[in-house]
$ cat target.cif   # mmCIF, C-alpha atoms (C1' of nucleotides)
data_upload
loop_
_atom_site.label_atom_id
_atom_site.label_comp_id
_atom_site.auth_asym_id
_atom_site.auth_seq_id
_atom_site.Cartn_x
_atom_site.Cartn_y
_atom_site.Cartn_z
CA MET O 23 35.56 -9.04 -18.45
CA ARG O 24 36.97 -12.12 -16.82
CA ASP O 25 35.95 -11.44 -13.22
CA ARG O 26 32.46 -10.80 -14.48
CA GLN O 27 32.11 -14.47 -15.36
CA ALA O 28 33.78 -15.45 -12.11
CA ARG O 29 31.25 -13.49 -10.13
CA ARG O 30 28.45 -15.05 -12.16
CA ALA O 31 29.70 -18.47 -11.15
CA GLN O 32 30.06 -17.28 -7.57
CA ILE O 33 26.41 -16.25 -7.45
CA ILE O 34 25.24 -19.54 -8.92
CA THR O 35 27.33 -21.51 -6.47
CA ALA O 36 26.02 -19.52 -3.52
CA ALA O 37 22.44 -20.03 -4.68
CA ARG O 38 22.94 -23.79 -4.98
CA GLN O 39 24.54 -23.99 -1.56
CA ILE O 40 21.81 -22.08 0.21
CA ALA O 41 19.07 -23.97 -1.62
CA GLU O 42 20.57 -27.35 -0.79
CA HIS O 43 20.89 -26.48 2.89
CA GLU O 44 17.78 -24.41 3.58
CA GLY O 45 15.53 -24.71 0.55
CA TRP O 46 14.80 -22.34 -2.32
CA PRO O 47 12.64 -19.89 -0.35
CA SER O 48 15.77 -18.98 1.60
CA VAL O 49 17.52 -18.02 -1.61
CA THR O 50 16.66 -14.31 -1.63
CA VAL O 51 18.39 -11.63 -3.64
CA ARG O 52 19.40 -9.82 -0.48
CA ARG O 53 20.89 -12.95 0.97
CA LEU O 54 22.86 -13.63 -2.20
CA SER O 55 24.13 -10.05 -2.38
CA ASP O 56 25.34 -10.38 1.20
CA GLU O 57 26.98 -13.69 0.39
CA ILE O 58 29.07 -12.25 -2.43
CA SER O 59 29.58 -8.89 -0.70
CA TYR O 60 27.90 -6.80 -3.34
CA SER O 61 24.70 -4.84 -3.49
CA GLN O 62 21.50 -6.12 -5.04
CA PRO O 63 21.63 -4.21 -8.34
CA VAL O 64 24.80 -6.12 -9.22
CA LEU O 65 22.81 -9.33 -9.25
CA TYR O 66 20.19 -7.79 -11.47
CA ALA O 67 22.87 -6.60 -13.85
CA HIS O 68 23.93 -10.22 -14.20
CA PHE O 69 20.68 -12.14 -14.33
CA GLY O 70 17.88 -9.62 -14.72
CA SER O 71 15.68 -11.21 -12.07
CA ARG O 72 15.61 -13.77 -9.30
CA GLU O 73 14.11 -16.26 -11.70
CA GLY O 74 17.04 -15.67 -14.02
CA ILE O 75 19.36 -16.85 -11.28
CA LEU O 76 17.33 -19.99 -10.73
CA ALA O 77 17.27 -20.63 -14.47
CA ALA O 78 21.06 -20.40 -14.61
CA VAL O 79 21.34 -22.89 -11.77
CA ALA O 80 18.90 -25.21 -13.51
CA ILE O 81 20.82 -25.14 -16.78
CA GLU O 82 24.05 -25.89 -14.97
CA GLY O 83 22.23 -28.78 -13.33
CA PHE O 84 21.15 -30.20 -16.67
CA GLY O 85 24.74 -30.07 -17.85
CA GLU O 86 25.91 -32.01 -14.83
CA MET O 87 23.12 -34.54 -15.10
CA GLY O 88 23.89 -35.13 -18.76
CA ALA O 89 27.52 -35.75 -17.87
CA ALA O 90 26.55 -38.13 -15.09
CA LEU O 91 24.29 -40.14 -17.41
CA GLN O 92 26.93 -40.25 -20.12
CA LYS O 93 29.48 -41.49 -17.64
CA ALA O 94 27.17 -44.25 -16.46
CA ARG O 95 26.35 -45.22 -20.04
CA LYS O 96 29.96 -45.51 -21.12
CA LYS O 97 31.15 -47.32 -18.05
CA VAL O 98 28.95 -50.37 -18.60
CA ARG O 99 29.92 -52.46 -21.61
CA ARG O 100 27.14 -54.87 -22.49
CA GLY O 101 23.78 -55.49 -20.91
CA GLY O 102 22.54 -53.65 -17.88
CA ILE O 103 23.11 -50.31 -19.51
CA LEU O 104 19.55 -49.30 -18.86
CA ASP O 105 19.92 -50.28 -15.25
CA ALA O 106 23.11 -48.27 -14.88
CA VAL O 107 21.69 -45.15 -16.45
CA ALA O 108 18.47 -45.38 -14.48
CA ASN O 109 20.33 -45.65 -11.23
CA ALA O 110 22.62 -42.81 -12.20
CA TYR O 111 19.62 -40.63 -12.90
CA LEU O 112 17.97 -41.35 -9.58
CA GLU O 113 21.20 -41.01 -7.68
CA PHE O 114 21.72 -37.59 -9.20
CA ALA O 115 18.25 -36.51 -8.13
CA ALA O 116 18.68 -37.93 -4.64
CA THR O 117 22.13 -36.43 -4.11
CA SER O 118 21.10 -32.90 -5.07
CA PRO O 119 17.38 -32.67 -4.39
CA ALA O 120 17.24 -28.88 -4.46
CA LEU O 121 19.11 -28.77 -7.74
CA TYR O 122 16.81 -31.37 -9.24
CA GLU O 123 13.81 -29.50 -7.93
CA VAL O 124 14.71 -26.23 -9.63
CA MET O 125 15.53 -28.05 -12.86
CA PHE O 126 11.94 -29.16 -13.18
CA SER O 127 9.98 -26.52 -11.33
CA LEU O 128 10.83 -23.65 -13.64
CA SER O 129 7.96 -23.39 -16.04
CA LEU O 130 9.66 -20.82 -18.20
CA SER O 131 11.94 -23.43 -19.69
CA VAL O 132 10.84 -24.36 -23.14
CA LYS O 133 10.16 -27.80 -24.48
CA PHE O 134 12.93 -30.25 -25.23
CA ASP O 135 12.58 -30.36 -28.98
CA ASP O 136 12.23 -26.63 -29.34
CA PRO O 137 15.08 -24.89 -31.21
CA ALA O 138 15.31 -22.29 -28.44
CA THR O 139 15.99 -24.98 -25.86
CA PRO O 140 19.39 -24.60 -24.14
CA PRO O 141 21.86 -27.24 -25.34
CA GLU O 142 22.30 -28.54 -21.82
CA LEU O 143 18.72 -29.78 -21.81
CA ARG O 144 19.06 -31.52 -25.13
CA TYR O 145 22.36 -33.01 -24.06
CA ALA O 146 20.82 -34.53 -20.94
CA PHE O 147 17.82 -35.93 -22.77
CA SER O 148 19.95 -37.31 -25.59
CA GLN O 149 21.67 -39.57 -23.06
CA LEU O 150 18.37 -41.35 -22.58
CA ALA O 151 17.48 -41.41 -26.25
CA GLU O 152 20.80 -43.09 -27.02
CA LEU O 153 19.63 -46.12 -25.09
CA PHE O 154 17.05 -46.97 -27.74
CA GLU O 155 19.08 -46.07 -30.79
CA GLY O 156 18.31 -48.35 -33.72
CA GLN O 157 16.40 -50.71 -31.50
CA SER O 158 12.92 -49.76 -32.44
CA SER O 159 11.10 -47.42 -34.69
CA ARG O 160 9.73 -45.73 -31.63
CA VAL O 161 12.91 -44.24 -30.23
CA THR O 162 11.22 -41.01 -29.30
CA ILE O 163 8.26 -42.56 -27.53
CA LEU O 164 10.35 -45.02 -25.56
CA SER O 165 12.91 -42.47 -24.42
CA GLU O 166 10.16 -40.05 -23.47
CA LEU O 167 8.45 -42.76 -21.51
CA LEU O 168 11.67 -43.72 -19.76
CA TRP O 169 12.36 -40.09 -18.90
CA ALA O 170 8.86 -39.67 -17.51
CA SER O 171 9.13 -42.80 -15.39
CA LEU O 172 12.47 -41.78 -13.95
CA HIS O 173 11.34 -38.24 -13.30
CA GLY O 174 8.19 -39.47 -11.62
CA MET O 175 10.16 -41.76 -9.36
CA ALA O 176 12.64 -39.01 -8.52
CA ASP O 177 9.97 -36.42 -7.88
CA LEU O 178 7.70 -38.60 -5.78
CA THR O 179 10.66 -39.77 -3.75
CA ARG O 180 11.95 -36.23 -3.27
CA THR O 181 8.59 -35.05 -1.98
CA LYS O 182 8.35 -38.07 0.33
CA ARG O 183 5.44 -39.59 -1.55
CA LEU O 184 7.33 -42.81 -2.14
CA PRO O 185 9.72 -44.41 0.34
CA SER O 186 13.29 -44.22 -0.85
CA HIS O 187 14.27 -47.60 0.56
CA ARG O 188 12.33 -49.35 -2.18
CA GLN O 189 13.90 -47.37 -5.00
CA ARG O 190 16.19 -50.17 -6.09
CA GLU O 191 13.32 -52.58 -6.47
CA ARG O 192 11.39 -50.08 -8.49
CA VAL O 193 14.34 -49.67 -10.83
CA LYS O 194 14.56 -53.42 -11.23
CA ALA O 195 10.92 -53.58 -12.15
CA LEU O 196 11.31 -50.71 -14.59
CA VAL O 197 14.25 -52.40 -16.27
CA ALA O 198 12.32 -55.65 -16.43
CA LEU O 199 9.48 -53.86 -18.17
CA PHE O 200 11.68 -52.36 -20.85
CA THR O 201 13.77 -55.48 -21.51
CA CYS O 202 10.61 -57.54 -21.63
CA LEU O 203 9.27 -55.34 -24.38
CA ASP O 204 12.58 -55.52 -26.19
CA GLU O 205 12.71 -59.31 -26.18
CA LYS O 206 9.28 -59.69 -27.63
CA HIS O 207 9.89 -57.10 -30.32
CA VAL O 208 6.44 -55.73 -29.73
CA GLN O 209 5.08 -53.50 -32.40
CA MET O 210 3.22 -50.61 -30.91
CA MET A 279 -21.09 -23.75 12.92
CA ARG A 280 -22.57 -24.44 9.52
CA ASP A 281 -21.62 -21.23 7.73
CA ARG A 282 -18.10 -21.71 8.98
CA GLN A 283 -17.73 -24.78 6.77
CA ALA A 284 -19.46 -22.98 3.93
CA ARG A 285 -16.94 -20.18 4.09
CA ARG A 286 -14.12 -22.68 4.19
CA ALA A 287 -15.37 -24.20 0.96
CA GLN A 288 -15.80 -20.73 -0.48
CA ILE A 289 -12.15 -19.91 0.18
CA ILE A 290 -10.95 -23.16 -1.35
CA THR A 291 -13.07 -22.64 -4.43
CA ALA A 292 -11.82 -19.08 -4.89
CA ALA A 293 -8.21 -20.25 -4.53
CA ARG A 294 -8.71 -22.95 -7.17
CA GLN A 295 -10.34 -20.56 -9.55
CA ILE A 296 -7.64 -17.92 -9.31
CA ALA A 297 -4.86 -20.49 -9.55
CA GLU A 298 -6.35 -22.12 -12.61
CA HIS A 299 -6.75 -18.80 -14.38
CA GLU A 300 -3.67 -16.84 -13.30
CA GLY A 301 -1.37 -19.28 -11.57
CA TRP A 302 -0.61 -19.87 -7.90
CA PRO A 303 1.50 -16.75 -7.35
CA SER A 304 -1.67 -14.72 -7.93
CA VAL A 305 -3.36 -16.54 -5.08
CA THR A 306 -2.55 -14.09 -2.28
CA VAL A 307 -4.24 -13.86 1.06
CA ARG A 308 -5.32 -10.29 0.36
CA ARG A 309 -6.82 -11.32 -2.95
CA LEU A 310 -8.73 -14.17 -1.35
CA SER A 311 -10.00 -11.98 1.46
CA ASP A 312 -11.27 -9.53 -1.13
CA GLU A 313 -12.90 -12.34 -3.04
CA ILE A 314 -14.94 -13.55 -0.07
CA SER A 315 -15.48 -10.03 1.32
CA TYR A 316 -13.75 -10.64 4.62
CA SER A 317 -10.55 -9.40 6.16
CA GLN A 318 -7.33 -11.35 6.18
CA PRO A 319 -7.40 -12.56 9.80
CA VAL A 320 -10.55 -14.52 8.99
CA LEU A 321 -8.56 -16.64 6.56
CA TYR A 322 -5.89 -17.23 9.15
CA ALA A 323 -8.52 -18.29 11.63
CA HIS A 324 -9.57 -20.96 9.17
CA PHE A 325 -6.30 -22.26 7.76
CA GLY A 326 -3.49 -20.85 9.86
CA SER A 327 -1.36 -19.87 6.90
CA ARG A 328 -1.34 -19.47 3.16
CA GLU A 329 0.21 -22.91 2.85
CA GLY A 330 -2.68 -24.30 4.86
CA ILE A 331 -5.05 -23.06 2.18
CA LEU A 332 -3.00 -24.70 -0.56
CA ALA A 333 -2.90 -27.93 1.41
CA ALA A 334 -6.66 -27.93 1.71
CA VAL A 335 -6.99 -27.44 -2.04
CA ALA A 336 -4.51 -30.25 -2.66
CA ILE A 337 -6.39 -32.69 -0.44
CA GLU A 338 -9.64 -31.87 -2.19
CA GLY A 339 -7.83 -32.52 -5.45
CA PHE A 340 -6.72 -35.95 -4.34
CA GLY A 341 -10.28 -36.79 -3.45
CA GLU A 342 -11.49 -35.82 -6.89
CA MET A 343 -8.68 -37.64 -8.63
CA GLY A 344 -9.42 -40.80 -6.69
CA ALA A 345 -13.05 -40.56 -7.74
CA ALA A 346 -12.09 -40.04 -11.37
CA LEU A 347 -9.81 -43.08 -11.35
CA GLN A 348 -12.43 -45.21 -9.65
CA LYS A 349 -14.99 -44.18 -12.21
CA ALA A 350 -12.66 -45.09 -15.08
CA ARG A 351 -11.82 -48.40 -13.45
CA LYS A 352 -15.41 -49.44 -12.97
CA LYS A 353 -16.62 -48.34 -16.35
CA VAL A 354 -14.39 -50.74 -18.28
CA ARG A 355 -15.31 -54.39 -17.90
CA ARG A 356 -12.52 -56.59 -19.15
CA GLY A 357 -9.17 -55.77 -20.66
CA GLY A 358 -7.98 -52.27 -21.22
CA ILE A 359 -8.54 -51.31 -17.64
CA LEU A 360 -4.99 -50.14 -17.33
CA ASP A 361 -5.38 -48.05 -20.43
CA ALA A 362 -8.58 -46.49 -19.16
CA VAL A 363 -7.17 -45.61 -15.76
CA ALA A 364 -3.95 -44.25 -17.22
CA ASN A 365 -5.85 -42.00 -19.58
CA ALA A 366 -8.15 -40.88 -16.78
CA TYR A 367 -5.14 -39.95 -14.68
CA LEU A 368 -3.52 -37.91 -17.41
CA GLU A 369 -6.76 -36.29 -18.40
CA PHE A 370 -7.30 -35.18 -14.82
CA ALA A 371 -3.85 -33.63 -14.72
CA ALA A 372 -4.31 -31.95 -18.08
CA THR A 373 -7.75 -30.60 -17.30
CA SER A 374 -6.76 -28.98 -14.01
CA PRO A 375 -3.05 -28.26 -14.28
CA ALA A 376 -2.95 -25.84 -11.37
CA LEU A 377 -4.78 -28.26 -9.14
CA TYR A 378 -2.44 -31.07 -10.11
CA GLU A 379 0.53 -28.81 -9.56
CA VAL A 380 -0.37 -27.96 -5.99
CA MET A 381 -1.15 -31.60 -5.23
CA PHE A 382 2.46 -32.52 -5.86
CA SER A 383 4.36 -29.36 -5.08
CA LEU A 384 3.52 -29.24 -1.41
CA SER A 385 6.41 -30.83 0.39
CA LEU A 386 4.69 -30.81 3.72
CA SER A 387 2.47 -33.67 2.76
CA VAL A 388 3.59 -36.88 4.29
CA LYS A 389 4.28 -40.15 2.57
CA PHE A 390 1.53 -42.34 1.21
CA ASP A 391 1.89 -45.23 3.58
CA ASP A 392 2.22 -43.06 6.65
CA PRO A 393 -0.61 -43.35 9.19
CA ALA A 394 -0.84 -39.54 9.33
CA THR A 395 -1.54 -39.37 5.61
CA PRO A 396 -4.93 -37.85 4.79
CA PRO A 397 -7.40 -40.52 3.61
CA GLU A 398 -7.85 -38.73 0.28
CA LEU A 399 -4.26 -39.51 -0.66
CA ARG A 400 -4.57 -43.15 0.23
CA TYR A 401 -7.87 -43.36 -1.59
CA ALA A 402 -6.35 -42.02 -4.79
CA PHE A 403 -3.33 -44.27 -4.63
CA SER A 404 -5.43 -47.32 -3.83
CA GLN A 405 -7.15 -46.93 -7.19
CA LEU A 406 -3.84 -47.69 -8.86
CA ALA A 407 -2.94 -50.48 -6.49
CA GLU A 408 -6.24 -52.20 -7.26
CA LEU A 409 -5.07 -52.73 -10.83
CA PHE A 410 -2.48 -55.26 -9.71
CA GLU A 411 -4.51 -56.98 -7.04
CA GLY A 412 -3.71 -60.66 -6.82
CA GLN A 413 -1.82 -60.54 -10.08
CA SER A 414 1.68 -60.57 -8.78
CA SER A 415 3.52 -60.73 -5.53
CA ARG A 416 4.83 -57.29 -6.25
CA VAL A 417 1.64 -55.29 -6.01
CA THR A 418 3.34 -52.47 -4.18
CA ILE A 419 6.28 -52.13 -6.51
CA LEU A 420 4.19 -52.27 -9.66
CA SER A 421 1.63 -49.76 -8.48
CA GLU A 422 4.35 -47.43 -7.28
CA LEU A 423 6.06 -47.72 -10.62
CA LEU A 424 2.85 -47.05 -12.51
CA TRP A 425 2.14 -44.05 -10.31
CA ALA A 426 5.61 -42.69 -10.90
CA SER A 427 5.37 -43.13 -14.66
CA LEU A 428 2.02 -41.41 -14.85
CA HIS A 429 3.12 -38.59 -12.60
CA GLY A 430 6.28 -38.11 -14.63
CA MET A 431 4.32 -37.92 -17.85
CA ALA A 432 1.81 -35.51 -16.33
CA ASP A 433 4.47 -33.30 -14.77
CA LEU A 434 6.72 -33.13 -17.81
CA THR A 435 3.77 -32.41 -20.03
CA ARG A 436 2.44 -29.73 -17.71
CA THR A 437 5.80 -27.94 -17.64
CA LYS A 438 6.06 -28.19 -21.43
CA ARG A 439 8.98 -30.58 -21.34
CA LEU A 440 7.12 -33.16 -23.38
CA PRO A 441 4.74 -32.35 -26.23
CA SER A 442 1.17 -33.15 -25.30
CA HIS A 443 0.20 -34.32 -28.77
CA ARG A 444 2.18 -37.52 -28.30
CA GLN A 445 0.59 -38.35 -24.95
CA ARG A 446 -1.68 -41.05 -26.36
CA GLU A 447 1.22 -42.89 -27.93
CA ARG A 448 3.14 -42.76 -24.69
CA VAL A 449 0.19 -44.27 -22.86
CA LYS A 450 -0.02 -47.03 -25.44
CA ALA A 451 3.65 -47.81 -24.93
CA LEU A 452 3.23 -47.77 -21.16
CA VAL A 453 0.31 -50.15 -21.34
CA ALA A 454 2.27 -52.40 -23.69
CA LEU A 455 5.08 -52.51 -21.17
CA PHE A 456 2.88 -53.57 -18.30
CA THR A 457 0.83 -56.11 -20.22
CA CYS A 458 3.99 -57.55 -21.69
CA LEU A 459 5.32 -58.16 -18.22
CA ASP A 460 2.02 -59.66 -17.20
CA GLU A 461 1.91 -62.14 -20.07
CA LYS A 462 5.36 -63.48 -19.45
CA HIS A 463 4.75 -63.81 -15.69
CA VAL A 464 8.19 -62.43 -15.06
CA GLN A 465 9.55 -62.99 -11.60
CA MET A 466 11.35 -59.94 -10.38
"C1'" DG X 284 -34.05 -1.51 28.64
"C1'" DT X 285 -29.59 -1.30 29.54
"C1'" DA X 286 -25.16 -2.62 31.39
"C1'" DG X 287 -21.70 -5.92 30.82
"C1'" DC X 288 -19.38 -9.63 28.61
"C1'" DA X 289 -17.57 -12.80 25.01
"C1'" DA X 290 -16.80 -13.78 20.47
"C1'" DA X 291 -16.08 -12.43 16.04
"C1'" DT X 292 -14.21 -9.10 12.85
"C1'" DC X 293 -11.57 -5.15 11.19
"C1'" DT X 294 -7.81 -1.68 11.12
"C1'" DA X 295 -3.31 -0.81 10.99
"C1'" DG X 296 1.18 -2.01 10.85
"C1'" DC X 297 5.62 -4.96 10.97
"C1'" DA X 298 9.30 -7.27 8.65
"C1'" DA X 299 10.90 -9.11 4.41
"C1'" DC X 300 10.48 -9.64 -0.39
"C1'" DG X 301 11.63 -8.45 -5.67
"C1'" DC X 302 12.99 -4.78 -8.09
"C1'" DT X 303 14.64 0.06 -9.63
"C1'" DA X 304 15.53 5.29 -9.90
"C1'" DT X 305 18.89 8.09 -8.29
"C1'" DT X 306 23.13 9.24 -6.36
"C1'" DT X 307 27.93 8.49 -5.33
"C1'" DA X 308 32.52 6.69 -6.21
"C1'" DA X 309 36.30 5.29 -9.34
"C1'" DG X 310 38.99 5.08 -13.30
"C1'" DA X 311 40.09 6.61 -18.01
"C1'" DT X 312 40.77 10.58 -21.46
"C1'" DG X 313 42.00 15.02 -22.92
"C1'" DC J 33 43.59 19.28 -13.43
"C1'" DA J 34 38.96 18.94 -15.45
"C1'" DT J 35 35.73 15.97 -17.73
"C1'" DC J 36 33.39 11.93 -19.09
"C1'" DT J 37 32.21 7.06 -18.71
"C1'" DT J 38 31.41 3.17 -16.16
"C1'" DA J 39 30.56 0.64 -11.99
"C1'" DA J 40 28.61 0.22 -7.62
"C1'" DA J 41 25.89 1.61 -3.56
"C1'" DT J 42 22.03 3.98 -1.24
"C1'" DA J 43 17.59 4.45 -0.59
"C1'" DG J 44 13.05 3.64 -1.49
"C1'" DC J 45 8.58 1.86 -3.87
"C1'" DG J 46 5.01 -1.46 -4.00
"C1'" DT J 47 3.51 -5.96 -2.44
"C1'" DT J 48 3.73 -9.99 0.25
"C1'" DG J 49 2.56 -13.18 4.61
"C1'" DC J 50 1.26 -12.53 8.99
"C1'" DT J 51 -0.38 -10.48 13.62
"C1'" DA J 52 -1.25 -7.32 17.73
"C1'" DG J 53 -4.57 -4.35 19.25
"C1'" DA J 54 -8.82 -1.66 18.54
"C1'" DT J 55 -13.65 -2.18 17.36
"C1'" DT J 56 -17.87 -3.91 16.49
"C1'" DT J 57 -21.40 -7.40 17.09
"C1'" DG J 58 -24.68 -10.28 19.52
"C1'" DC J 59 -26.06 -12.28 23.60
"C1'" DT J 60 -26.99 -12.66 28.71
"C1'" DA J 61 -28.34 -10.89 33.28
"C1'" DC J 62 -30.43 -7.89 36.00
#
$ encode --input "target.cif" --output "C-alpha cells"
Amino acid sequence: MRDRQARRAQIITAARQIAEHEGWPSVTVRRLSDEISYSQPVLYAHFGSREGILAAVAIEGFGEMGAALQKARKKVRRGGILDAVANAYLEFAATSPALYEVMFSLSLSVKFDDPATPPELRYAFSQLAELFEGQSSRVTILSELLWASLHGMADLTRTKRLPSHRQRERVKALVALFTCLDEKHVQM
Amino acid sequence: MRDRQARRAQIITAARQIAEHEGWPSVTVRRLSDEISYSQPVLYAHFGSREGILAAVAIEGFGEMGAALQKARKKVRRGGILDAVANAYLEFAATSPALYEVMFSLSLSVKFDDPATPPELRYAFSQLAELFEGQSSRVTILSELLWASLHGMADLTRTKRLPSHRQRERVKALVALFTCLDEKHVQM
DNA sequence: GTAGCAAATCTAGCAACGCTATTTAAGATG
DNA sequence: CATCTTAAATAGCGTTGCTAGATTTGCTAC
C-alpha cells in the first residue's frame, strides 16, 4: 500500500530526530511506537528488528551524503575540487553527527565492493572515486585513502578527540598532500 | 588493598576476553560477575557502571597502543619510520579489533589536548607527534592528520568497509603522500 | 570467650529493554 | 447476516543495568 511506505518514512524520520537530539540509546522501539501512535509489533512488521530501523536510517544517510558530495563536486569548475568535496564531506558529518555515527557504526553493512552492497553506499563512495578518474593507475587506492582520511577526521572530531576549530587547517593540509603527489606524478 | 587492584585487573581482563571473542554486547555485568565469582554490586563498587568498565579497558588499550608505536618507532633507525609506525598502528587495530573499537567508541572520553585527558591517551598520541618533531611548523596539524588517516583506515577496515588485503598498498600511498610533502618543503 | 560493631558481600527486585505469541478489532466476500 | 482474511493491540517472556536492604564476615573491646 501507499500509506505503508509513508509510515516507513515516518518511523525513519522519528528515529533520526530522536537520535540527533538525545542520542541513539534513546531511540527505543517503545519510544518510536509512541511517536507514530502505533504499537510495537507494527514496527517489527516493517523492519524486523531495531537494528533494521537503524540500517534504514543509515542507508538514507548514505544517499544524502552522496548527493551532497555530488553537488559540491559539480559546483566547482576547475581546481579546488578536492577541497570542495572534502569540506562537503566533513560538513555533512558535523551537521548530522548522529546520522553519520549510525552510518559507520553498523557492522552488519557489507563491504563497499560487494555485490550485495546497497546502491546508496556505492553511490556515495563513487563520488570520491570520481576525483581520481584517469589521473593515476591507482584510482582505487587513492580514493580509499581519501575516504579513510576524511572518515578519520570526521569520527575523531565527532567523538571530541580532535578540536573542531582546526578542521579547516587539516583539510588544507590534506589537500596539499594529495595535490603534491599529483604534481610529482609519483609512481607507487 | 592489594587484592582490590588484582580484582580490578581481573575484571578488565575478563571484559577484554569476552569482547574479543563474542563482541561487546556479550560483555554484561552479570556475565562478568559470574566470571570472577562475585556478585554484581562488587563490580559497581569498583567501576560505578558498565561504561566505567569499558572506559578502563579503553584506557589500558591506549597504553598498550602507545607502547607498540614507541617500539616500532625506536626499532627503525633512519628512513621508513613513518611506514613502520603506520603499520604498527594498523596491526594493533587489526589484532585486537574489539579493544580498538572500545577505545574510539566511548564518547565520554575527553579531547586529546584537554588537561583532564588520561595520560595514556596523550602518550599514544605523542608517539605520532614525535614523527614530525622539528620538521615543520605544523607539527600539530600533520600529526592530527596522520592520526585521522590511520584511524579512518583502521575503522573502515574493521567494519568491513574496506578490504583488508589492500591495506599494505594504502599504507604505501599514505607514506608517499607524507614524504612527498616533506621533500618539497611545502608551506601550508 | 563473647558481645558488639564496621565493612564487605549477597539476595532480591525494580524499571526498561528487544521481541513475540495470542487475542481482538475491522473490513471484505459470499 | 455469517464467515474469512488481514491488521493492529494487548500482554507477557527473558534479559539488561543498576540498587536498596538483608546477611555474612572479620575484627575489637571487655
$ residues_near_point --input "target.cif" --point "(-4.7, -39.7, -26.3)" --cutoff "12 Å" --atoms "only C-alpha atoms (C1' of nucleotides)" --output "number ranges by chain"
A: 361-362, 364-369, 372, 441-451
$ interface_residues --input "target.cif" --of "chain O" --to "chain J" --cutoff "12 Å" --atoms "all atoms listed in the file" --output "list in words"
Arg26, Ser55, Ser59, Tyr60, Ser61, Gln62, Pro63, Val64, Leu65 and Ala67 of chain O
$ write_last_selection --input "target.cif" --atoms "C-alpha atoms" --output "JSON list (two decimals), keeping the file's coordinate frame"
[["chain", "number", "residue", "atom", "x", "y", "z"],
["O", 26, "ARG", "CA", 32.46, -10.80, -14.48],
["O", 55, "SER", "CA", 24.13, -10.05, -2.38],
["O", 59, "SER", "CA", 29.58, -8.89, -0.70],
["O", 60, "TYR", "CA", 27.90, -6.80, -3.34],
["O", 61, "SER", "CA", 24.70, -4.84, -3.49],
["O", 62, "GLN", "CA", 21.50, -6.12, -5.04],
["O", 63, "PRO", "CA", 21.63, -4.21, -8.34],
["O", 64, "VAL", "CA", 24.80, -6.12, -9.22],
["O", 65, "LEU", "CA", 22.81, -9.33, -9.25],
["O", 67, "ALA", "CA", 22.87, -6.60, -13.85]]
$ atom_distance --input "target.cif" --atom1 "atom CA of Gly74 of chain O" --atom2 "atom CA of Ala176 of chain O"
24.4 Å
$ interface_residues --input "target.cif" --of "chain X" --to "chain O" --cutoff "9 Å" --atoms "all atoms listed in the file" --output "list of chain:residue names"
X:DC300, X:DG301, X:DC302, X:DT303
$ atom_distance --input "target.cif" --atom1 "atom CA of Glu422 of chain A" --atom2 "atom CA of Thr457 of chain A"
16.0 Å
$ interface_residues --input "target.cif" --of "chain O" --to "chain A" --cutoff "8 Å" --atoms "only C-alpha atoms" --output "number ranges by chain"
O: 126-129, 131-134, 163-164, 166-167, 169-175, 177-178, 181-185, 188, 191-192, 194-196, 198-200, 202-203, 210
$ write_last_selection --input "target.cif" --atoms "C-alpha atoms" --output "mmCIF file, keeping the file's coordinate frame"
data_model
loop_
_atom_site.group_PDB
_atom_site.id
_atom_site.type_symbol
_atom_site.label_atom_id
_atom_site.label_comp_id
_atom_site.auth_asym_id
_atom_site.auth_seq_id
_atom_site.Cartn_x
_atom_site.Cartn_y
_atom_site.Cartn_z
ATOM 1 C CA PHE O 126 11.940 -29.160 -13.180
ATOM 2 C CA SER O 127 9.980 -26.520 -11.330
ATOM 3 C CA LEU O 128 10.830 -23.650 -13.640
ATOM 4 C CA SER O 129 7.960 -23.390 -16.040
ATOM 5 C CA SER O 131 11.940 -23.430 -19.690
ATOM 6 C CA VAL O 132 10.840 -24.360 -23.140
ATOM 7 C CA LYS O 133 10.160 -27.800 -24.480
ATOM 8 C CA PHE O 134 12.930 -30.250 -25.230
ATOM 9 C CA ILE O 163 8.260 -42.560 -27.530
ATOM 10 C CA LEU O 164 10.350 -45.020 -25.560
ATOM 11 C CA GLU O 166 10.160 -40.050 -23.470
ATOM 12 C CA LEU O 167 8.450 -42.760 -21.510
ATOM 13 C CA TRP O 169 12.360 -40.090 -18.900
ATOM 14 C CA ALA O 170 8.860 -39.670 -17.510
ATOM 15 C CA SER O 171 9.130 -42.800 -15.390
ATOM 16 C CA LEU O 172 12.470 -41.780 -13.950
ATOM 17 C CA HIS O 173 11.340 -38.240 -13.300
ATOM 18 C CA GLY O 174 8.190 -39.470 -11.620
ATOM 19 C CA MET O 175 10.160 -41.760 -9.360
ATOM 20 C CA ASP O 177 9.970 -36.420 -7.880
ATOM 21 C CA LEU O 178 7.700 -38.600 -5.780
ATOM 22 C CA THR O 181 8.590 -35.050 -1.980
ATOM 23 C CA LYS O 182 8.350 -38.070 0.330
ATOM 24 C CA ARG O 183 5.440 -39.590 -1.550
ATOM 25 C CA LEU O 184 7.330 -42.810 -2.140
ATOM 26 C CA PRO O 185 9.720 -44.410 0.340
ATOM 27 C CA ARG O 188 12.330 -49.350 -2.180
ATOM 28 C CA GLU O 191 13.320 -52.580 -6.470
ATOM 29 C CA ARG O 192 11.390 -50.080 -8.490
ATOM 30 C CA LYS O 194 14.560 -53.420 -11.230
ATOM 31 C CA ALA O 195 10.920 -53.580 -12.150
ATOM 32 C CA LEU O 196 11.310 -50.710 -14.590
ATOM 33 C CA ALA O 198 12.320 -55.650 -16.430
ATOM 34 C CA LEU O 199 9.480 -53.860 -18.170
ATOM 35 C CA PHE O 200 11.680 -52.360 -20.850
ATOM 36 C CA CYS O 202 10.610 -57.540 -21.630
ATOM 37 C CA LEU O 203 9.270 -55.340 -24.380
ATOM 38 C CA MET O 210 3.220 -50.610 -30.910
#
$ atom_distance --input "target.cif" --atom1 "atom CA of Ala115 of chain O" --atom2 "atom CA of Glu82 of chain O"
13.9 Å
$ residues_around --input "target.cif" --residues "segment 30-45 of chain O" --least-positions-apart "2" --cutoff "7 Å" --atoms "only C-alpha atoms (C1' of nucleotides)" --output "number ranges by chain"
O: 26-28, 47-49, 54, 58, 68, 75, 79, 120-121
